[in-house]
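Enquirer: Data file run_35.cif (mmCIF, C-alpha atoms) is appended below.
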```cif
data_model
loop_
_atom_site.group_PDB
_atom_site.id
_atom_site.type_symbol
_atom_site.label_atom_id
_atom_site.label_comp_id
_atom_site.auth_asym_id
_atom_site.auth_seq_id
_atom_site.Cartn_x
_atom_site.Cartn_y
_atom_site.Cartn_z
ATOM 1 C CA GLY A 1084 -11.618 9.889 10.870
ATOM 2 C CA ASN A 1085 -9.212 9.879 7.970
ATOM 3 C CA SER A 1086 -10.346 8.331 4.709
ATOM 4 C CA VAL A 1087 -9.658 8.290 0.984
ATOM 5 C CA THR A 1088 -12.267 7.923 -1.742
ATOM 6 C CA GLN A 1089 -11.373 6.933 -5.277
ATOM 7 C CA MET A 1090 -13.438 6.591 -8.390
ATOM 8 C CA GLU A 1091 -14.679 3.093 -9.116
ATOM 9 C CA GLY A 1092 -12.981 1.213 -11.880
ATOM 10 C CA PRO A 1093 -12.167 -0.233 -14.180
ATOM 11 C CA VAL A 1094 -11.147 2.693 -16.305
ATOM 12 C CA THR A 1095 -10.738 1.528 -19.896
ATOM 13 C CA LEU A 1096 -8.868 3.710 -22.380
ATOM 14 C CA SER A 1097 -7.246 3.502 -25.764
ATOM 15 C CA GLU A 1098 -3.527 4.162 -26.046
ATOM 16 C CA GLU A 1099 -2.650 7.894 -26.105
ATOM 17 C CA ALA A 1100 -5.923 8.890 -24.429
ATOM 18 C CA PHE A 1101 -6.024 11.373 -21.532
ATOM 19 C CA LEU A 1102 -6.347 9.857 -18.072
ATOM 20 C CA THR A 1103 -7.954 11.223 -14.934
ATOM 21 C CA ILE A 1104 -8.482 9.154 -11.797
ATOM 22 C CA ASN A 1105 -10.317 11.086 -9.109
ATOM 23 C CA CYS A 1106 -9.281 10.994 -5.469
ATOM 24 C CA THR A 1107 -10.718 12.941 -2.557
ATOM 25 C CA TYR A 1108 -9.798 12.697 1.084
ATOM 26 C CA THR A 1109 -11.013 13.448 4.575
ATOM 27 C CA ALA A 1110 -8.371 14.166 7.172
ATOM 28 C CA THR A 1111 -7.607 16.137 10.280
ATOM 29 C CA GLY A 1112 -4.611 18.386 10.060
ATOM 30 C CA TYR A 1113 -2.400 18.507 6.996
ATOM 31 C CA PRO A 1114 -1.764 15.052 5.570
ATOM 32 C CA SER A 1115 0.742 14.029 2.951
ATOM 33 C CA LEU A 1116 -0.830 12.555 -0.166
ATOM 34 C CA PHE A 1117 0.436 9.726 -2.341
ATOM 35 C CA TRP A 1118 -0.324 7.762 -5.469
ATOM 36 C CA TYR A 1119 0.877 4.169 -5.548
ATOM 37 C CA VAL A 1120 0.739 1.828 -8.552
ATOM 38 C CA GLN A 1121 0.419 -1.958 -8.471
ATOM 39 C CA TYR A 1122 1.338 -3.775 -11.672
ATOM 40 C CA PRO A 1123 -0.082 -7.292 -12.130
ATOM 41 C CA GLY A 1124 1.452 -9.771 -9.730
ATOM 42 C CA GLU A 1125 3.658 -7.189 -8.036
ATOM 43 C CA GLY A 1126 3.747 -5.110 -4.874
ATOM 44 C CA LEU A 1127 2.922 -1.435 -4.686
ATOM 45 C CA GLN A 1128 5.347 1.191 -5.928
ATOM 46 C CA LEU A 1129 5.235 4.857 -5.082
ATOM 47 C CA LEU A 1130 4.282 6.812 -8.190
ATOM 48 C CA LEU A 1131 4.259 10.351 -6.812
ATOM 49 C CA LYS A 1132 3.569 12.329 -3.685
ATOM 50 C CA ALA A 1133 2.768 15.820 -2.375
ATOM 51 C CA THR A 1134 3.309 16.982 1.159
ATOM 52 C CA LYS A 1135 1.531 20.348 1.319
ATOM 53 C CA ALA A 1136 -1.233 22.340 -0.316
ATOM 54 C CA ASP A 1137 -0.681 23.331 -3.965
ATOM 55 C CA ASP A 1138 2.290 20.969 -4.319
ATOM 56 C CA LYS A 1139 2.333 19.052 -7.575
ATOM 57 C CA GLY A 1140 3.771 15.567 -7.629
ATOM 58 C CA SER A 1141 4.923 14.182 -10.957
ATOM 59 C CA ASN A 1142 6.601 11.054 -12.279
ATOM 60 C CA LYS A 1143 6.630 9.072 -15.547
ATOM 61 C CA GLY A 1144 4.233 11.569 -17.156
ATOM 62 C CA PHE A 1145 1.723 11.319 -14.310
ATOM 63 C CA GLU A 1146 0.784 14.374 -12.266
ATOM 64 C CA ALA A 1147 -1.362 15.176 -9.253
ATOM 65 C CA THR A 1148 -1.890 18.464 -7.425
ATOM 66 C CA TYR A 1149 -2.679 18.715 -3.713
ATOM 67 C CA ARG A 1150 -5.873 20.799 -3.585
ATOM 68 C CA LYS A 1151 -6.747 21.654 -0.015
ATOM 69 C CA GLU A 1152 -9.826 23.709 -0.944
ATOM 70 C CA THR A 1153 -11.445 20.726 -2.671
ATOM 71 C CA THR A 1154 -9.637 18.060 -0.582
ATOM 72 C CA SER A 1155 -8.595 16.350 -3.789
ATOM 73 C CA PHE A 1156 -5.508 14.768 -5.347
ATOM 74 C CA HIS A 1157 -6.614 13.679 -8.811
ATOM 75 C CA LEU A 1158 -4.170 11.691 -10.930
ATOM 76 C CA GLU A 1159 -3.699 12.750 -14.557
ATOM 77 C CA LYS A 1160 -1.663 11.690 -17.558
ATOM 78 C CA GLY A 1161 -1.815 13.276 -20.958
ATOM 79 C CA SER A 1162 -1.208 10.172 -23.055
ATOM 80 C CA VAL A 1163 -1.468 6.695 -21.563
ATOM 81 C CA GLN A 1164 0.380 3.625 -22.793
ATOM 82 C CA VAL A 1165 -0.515 -0.049 -22.651
ATOM 83 C CA SER A 1166 2.251 -0.447 -20.083
ATOM 84 C CA ASP A 1167 0.342 1.883 -17.713
ATOM 85 C CA SER A 1168 -2.291 -0.824 -17.193
ATOM 86 C CA ALA A 1169 -2.292 -1.422 -13.439
ATOM 87 C CA VAL A 1170 -4.205 -0.681 -10.252
ATOM 88 C CA TYR A 1171 -3.692 2.823 -8.876
ATOM 89 C CA PHE A 1172 -4.089 3.614 -5.179
ATOM 90 C CA CYS A 1173 -4.504 7.042 -3.669
ATOM 91 C CA ALA A 1174 -3.320 7.277 -0.055
ATOM 92 C CA LEU A 1175 -2.845 9.752 2.734
ATOM 93 C CA LYS A 1176 -0.598 9.877 5.745
ATOM 94 C CA ASN A 1177 -1.490 11.998 8.722
ATOM 95 C CA PRO A 1178 1.565 13.597 10.318
ATOM 96 C CA ASN A 1179 0.393 12.476 13.757
ATOM 97 C CA THR A 1180 0.515 8.786 12.924
ATOM 98 C CA ASP A 1181 2.634 6.401 10.928
ATOM 99 C CA LYS A 1182 -0.303 4.947 9.010
ATOM 100 C CA LEU A 1183 -0.855 5.039 5.270
ATOM 101 C CA ILE A 1184 -4.589 5.056 4.588
ATOM 102 C CA PHE A 1185 -5.436 3.777 1.140
ATOM 103 C CA GLY A 1186 -8.362 4.240 -1.167
ATOM 104 C CA THR A 1187 -9.958 1.169 -2.699
ATOM 105 C CA GLY A 1188 -7.809 1.324 -5.832
ATOM 106 C CA THR A 1189 -8.785 1.986 -9.444
ATOM 107 C CA ARG A 1190 -7.934 -0.493 -12.170
ATOM 108 C CA LEU A 1191 -6.735 1.074 -15.413
ATOM 109 C CA GLN A 1192 -6.829 -0.936 -18.617
ATOM 110 C CA VAL A 1193 -5.206 0.547 -21.701
ATOM 111 C CA PHE A 1194 -5.765 -1.082 -25.077
ATOM 112 C CA PRO A 1195 -3.680 -0.560 -28.212
ATOM 113 C CA ASP B 600 19.434 -6.299 -5.026
ATOM 114 C CA THR B 601 18.260 -3.850 -2.400
ATOM 115 C CA ALA B 602 14.630 -4.535 -1.705
ATOM 116 C CA VAL B 603 11.891 -5.830 0.519
ATOM 117 C CA SER B 604 11.522 -9.582 0.097
ATOM 118 C CA GLN B 605 8.855 -11.955 1.351
ATOM 119 C CA THR B 606 8.604 -15.716 1.557
ATOM 120 C CA PRO B 607 6.707 -17.629 0.500
ATOM 121 C CA LYS B 608 5.117 -16.016 -2.531
ATOM 122 C CA TYR B 609 2.176 -18.423 -2.411
ATOM 123 C CA LEU B 610 0.802 -20.304 0.570
ATOM 124 C CA VAL B 611 -2.081 -22.752 0.394
ATOM 125 C CA THR B 612 -3.195 -24.380 3.621
ATOM 126 C CA GLN B 613 -6.114 -25.904 5.478
ATOM 127 C CA MET B 614 -8.347 -24.204 8.020
ATOM 128 C CA GLY B 615 -7.063 -24.516 11.540
ATOM 129 C CA ASN B 616 -3.385 -24.700 10.597
ATOM 130 C CA ASP B 617 -0.683 -22.345 11.853
ATOM 131 C CA LYS B 618 1.557 -20.631 9.310
ATOM 132 C CA SER B 619 4.239 -17.965 9.111
ATOM 133 C CA ILE B 620 5.197 -15.428 6.464
ATOM 134 C CA LYS B 621 8.681 -13.957 6.520
ATOM 135 C CA CYS B 622 9.803 -10.500 5.484
ATOM 136 C CA GLU B 623 13.263 -9.048 5.141
ATOM 137 C CA GLN B 624 14.488 -5.650 4.027
ATOM 138 C CA ASN B 625 18.067 -4.745 3.211
ATOM 139 C CA LEU B 626 17.420 -1.031 2.796
ATOM 140 C CA GLY B 627 18.635 -0.156 6.276
ATOM 141 C CA HIS B 628 15.177 1.095 7.242
ATOM 142 C CA ASP B 629 14.009 1.421 10.833
ATOM 143 C CA THR B 630 10.288 0.872 10.309
ATOM 144 C CA MET B 631 8.477 -2.150 8.880
ATOM 145 C CA TYR B 632 4.802 -2.850 8.232
ATOM 146 C CA TRP B 633 2.329 -5.582 7.413
ATOM 147 C CA TYR B 634 -0.671 -4.854 5.194
ATOM 148 C CA LYS B 635 -3.575 -7.071 4.154
ATOM 149 C CA GLN B 636 -5.138 -6.779 0.699
ATOM 150 C CA ASP B 637 -8.493 -8.495 0.332
ATOM 151 C CA SER B 638 -10.094 -9.941 -2.778
ATOM 152 C CA LYS B 639 -11.476 -6.529 -3.745
ATOM 153 C CA LYS B 640 -7.978 -5.044 -3.637
ATOM 154 C CA PHE B 641 -8.747 -3.078 -0.465
ATOM 155 C CA LEU B 642 -5.463 -2.516 1.363
ATOM 156 C CA LYS B 643 -5.293 -1.995 5.098
ATOM 157 C CA ILE B 644 -2.443 -1.736 7.567
ATOM 158 C CA MET B 645 -2.196 -4.418 10.247
ATOM 159 C CA PHE B 646 0.999 -3.686 12.169
ATOM 160 C CA SER B 647 4.083 -1.533 12.149
ATOM 161 C CA TYR B 648 7.358 -1.898 14.002
ATOM 162 C CA ASN B 649 10.029 0.693 14.534
ATOM 163 C CA ASN B 650 13.421 -0.712 15.426
ATOM 164 C CA LYS B 651 11.860 -3.935 16.769
ATOM 165 C CA GLU B 652 9.223 -2.090 18.800
ATOM 166 C CA LEU B 653 5.501 -2.411 18.001
ATOM 167 C CA ILE B 654 4.096 0.983 16.994
ATOM 168 C CA ILE B 655 0.807 0.275 15.246
ATOM 169 C CA ASN B 656 -1.519 -2.590 16.080
ATOM 170 C CA GLU B 657 -4.792 -2.222 14.232
ATOM 171 C CA THR B 658 -7.921 -4.138 15.093
ATOM 172 C CA VAL B 659 -6.524 -7.497 14.100
ATOM 173 C CA PRO B 660 -7.495 -10.839 15.686
ATOM 174 C CA ASN B 661 -4.923 -11.980 18.213
ATOM 175 C CA ARG B 662 -4.407 -15.077 16.072
ATOM 176 C CA PHE B 663 -2.068 -12.779 14.146
ATOM 177 C CA SER B 664 1.233 -12.185 15.890
ATOM 178 C CA PRO B 665 4.072 -10.191 14.344
ATOM 179 C CA LYS B 666 7.611 -10.857 15.453
ATOM 180 C CA SER B 667 10.654 -8.713 14.763
ATOM 181 C CA PRO B 668 13.911 -10.499 15.650
ATOM 182 C CA ASP B 669 15.904 -7.518 14.381
ATOM 183 C CA LYS B 670 15.100 -4.320 12.538
ATOM 184 C CA ALA B 671 15.656 -5.934 9.133
ATOM 185 C CA HIS B 672 13.046 -8.651 9.676
ATOM 186 C CA LEU B 673 9.350 -8.637 10.472
ATOM 187 C CA ASN B 674 7.614 -11.995 10.383
ATOM 188 C CA LEU B 675 3.887 -12.645 10.613
ATOM 189 C CA HIS B 676 2.621 -15.744 12.371
ATOM 190 C CA ILE B 677 -1.013 -16.751 12.029
ATOM 191 C CA ASN B 678 -2.635 -19.312 14.308
ATOM 192 C CA SER B 679 -5.796 -21.308 13.648
ATOM 193 C CA LEU B 680 -6.225 -20.077 10.097
ATOM 194 C CA GLU B 681 -9.740 -19.231 8.930
ATOM 195 C CA LEU B 682 -11.265 -18.923 5.465
ATOM 196 C CA GLY B 683 -11.480 -15.148 5.880
ATOM 197 C CA ASP B 684 -7.718 -14.935 6.268
ATOM 198 C CA SER B 685 -7.344 -15.630 2.559
ATOM 199 C CA ALA B 686 -5.765 -12.505 1.108
ATOM 200 C CA VAL B 687 -2.515 -11.072 -0.180
ATOM 201 C CA TYR B 688 -0.233 -9.926 2.626
ATOM 202 C CA PHE B 689 2.283 -7.198 1.889
ATOM 203 C CA CYS B 690 5.305 -6.290 3.908
ATOM 204 C CA ALA B 691 6.715 -2.768 3.616
ATOM 205 C CA SER B 692 9.471 -0.662 5.119
ATOM 206 C CA SER B 693 10.347 3.002 5.431
ATOM 207 C CA GLN B 694 13.292 4.968 6.705
ATOM 208 C CA ASP B 695 11.712 6.127 9.941
ATOM 209 C CA GLY B 696 7.927 6.391 9.509
ATOM 210 C CA THR B 697 7.729 10.164 9.336
ATOM 211 C CA ARG B 698 5.238 11.873 7.085
ATOM 212 C CA ASN B 699 7.423 12.259 4.033
ATOM 213 C CA ASN B 700 9.092 8.902 3.973
ATOM 214 C CA GLU B 701 8.206 6.566 1.166
ATOM 215 C CA GLN B 702 7.132 3.068 2.074
ATOM 216 C CA PHE B 703 8.736 0.342 -0.038
ATOM 217 C CA PHE B 704 6.583 -2.730 -0.551
ATOM 218 C CA GLY B 705 7.476 -6.359 -0.972
ATOM 219 C CA PRO B 706 5.974 -8.490 -3.765
ATOM 220 C CA GLY B 707 3.272 -9.935 -1.532
ATOM 221 C CA THR B 708 2.328 -13.375 -0.222
ATOM 222 C CA ARG B 709 -0.913 -14.815 -1.523
ATOM 223 C CA LEU B 710 -2.480 -16.877 1.265
ATOM 224 C CA THR B 711 -5.293 -19.260 0.390
ATOM 225 C CA VAL B 712 -7.098 -21.040 3.209
ATOM 226 C CA LEU B 713 -9.157 -24.062 2.156
#
```
Could I get this file's structure written as structure tokens?
Expert:
Amino acid sequence: GNSVTQMEGPVTLSEEAFLTINCTYTATGYPSLFWYVQYPGEGLQLLLKATKADDKGSNKGFEATYRKETTSFHLEKGSVQVSDSAVYFCALKNPNTDKLIFGTGTRLQVFP
Amino acid sequence: DTAVSQTPKYLVTQMGNDKSIKCEQNLGHDTMYWYKQDSKKFLKIMFSYNNKELIINETVPNRFSPKSPDKAHLNLHINSLELGDSAVYFCASSQDGTRNNEQFFGPGTRLTVL
């Protein structure tokens, strides 16, 4: 079946450090891939997405590249800020269904 | 404001009670969803409706019954509440549920069953 695996958190970084949050997936067919962010006390917001192999999604300095050969969609940011502290969810959507399948989320804590 | 809204934001109740959570979207979307997020932040879809028709019904106890009076509303009614129902419930909507459409989430309803 379809599934998403994310690295365990929390990830703790100092401001301006480089961020990588790993995400790998298992899916039949060619899913779309997403990163959602959940700030404290809020709902999820779409951060970026990629719909086919080798696509790169980017937003607010975050990037992720759809790698079909390694079934990965790792999230990266060159220089994190305290305001990036949140829980990040990797997700996939199989074109045959309407379901978003989420990873377990990774908490990022950025300290000044 | 255009958004997905949920009421109430917090709900504390006793085991065995029946409660409802309401969701409204004014984005003009055709598809709406309910998700459950447990204490470990794991997020899983429960239901989806497209234009008032049930599309997805995951393995959810039949104590949970979604109701969509129109395509802008998707309410969740829960009968005979149990301790394990304590979670944050998120409503979401998307334009039409196809692969590229973003899902917009509400702020969540934190349900605590005592």
Enquirer: Excluding segment 674-686 of chain B and residues on its chain fewer than 2 positions from it, collect all residues at most 8 Å away from it, counting all atoms listed in the file, and give them as a list in words.
Expert: Gln613, Met614, Gly615, Asn616, Asp617, Lys618, Ser619, Ile620, Lys621, Cys622, Trp633, Lys635, Gln636, Asp637, Ser638, Arg662, Phe663, Ser664, Pro665, Lys666, Ser667, His672, Tyr688, Arg709, Leu710, Thr711, Val712 and Leu713 of chain B
Enquirer: Using all atoms listed in the file, can you tell me which of A:Val1193, A:Val1094, A:Ala1136, A:Leu1129 comes closest to Cys1173 of chain A?
Expert: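 Using all atoms listed in the file, the shortest distance to Cys1173 of chain A belongs to A:Leu1129.
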Enquirer: I'd like the residues picked by the PyMOL selection byres ((chain B) within 12 of (chain A)) written out as a ChimeraX atom specification, using the chain letters and numbers from the file.
Expert: /B:602-605,608-609,630-649,653-657,687-709
Enquirer: Residue by residue, what does the PyMOL selection byres ((chain A and resi 1161) around 8) grab here? Present the result as a PyMOL selection string.
Expert: chain A and resi 1099-1102+1144-1145+1159-1160+1162-1163
Enquirer: Please compute the atom CA of Asp1138 of chain A-atom CA of Glu1098 of chain A distance, one decimal, in Å.
Expert: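 Interatomic distance, atom CA of Asp1138 of chain A to atom CA of Glu1098 of chain A: 28.1 Å.
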Enquirer: Give me, please, the distance in Å between atom CA of Asn625 of chain B and atom CA of Lys670 of chain B, quoted to one decimal.
Expert: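 Separation between atom CA of Asn625 of chain B and atom CA of Lys670 of chain B: 9.8 Å.
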Enquirer: Name the residues that the PyMOL selection byres ((chain A and resi 1084-1090) around 6) pulls out of this structure, and write them as a list in words.
Expert: Glu1091, Asn1105, Cys1106, Thr1107, Tyr1108, Thr1109, Ala1110 and Gly1186 of chain A
Enquirer: When you draw a straight line from atom CA of Gly1140 of chain A to atom CA of Tyr1113 of chain A, how long is it in Å?
Expert: 16.1 Å
Enquirer: Using all atoms listed in the file, find all polymer residues with an atom at most 7 Å away from the point (-5.7, -0.1, -19.2); report them as number ranges by chain.
Expert: A: 1094-1096, 1165, 1167-1169, 1191-1194
Enquirer: I need the residue nearest Thr1154 of chain A from this list: A:Leu1130, A:Thr1111, A:Ser1141, A:Val1120. Use all atoms listed in the file for the distance.
Expert: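 Nearest to Thr1154 of chain A: A:Thr1111.
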Enquirer: Which residue gives the smallest distance to Ala671 of chain B among B:Val659, B:Glu652, B:Glu623, B:Leu610, with all atoms listed in the file counted?
Expert: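 Between B:Val659, B:Glu652, B:Glu623, B:Leu610, the residue approaching Ala671 of chain B most closely is B:Glu623.
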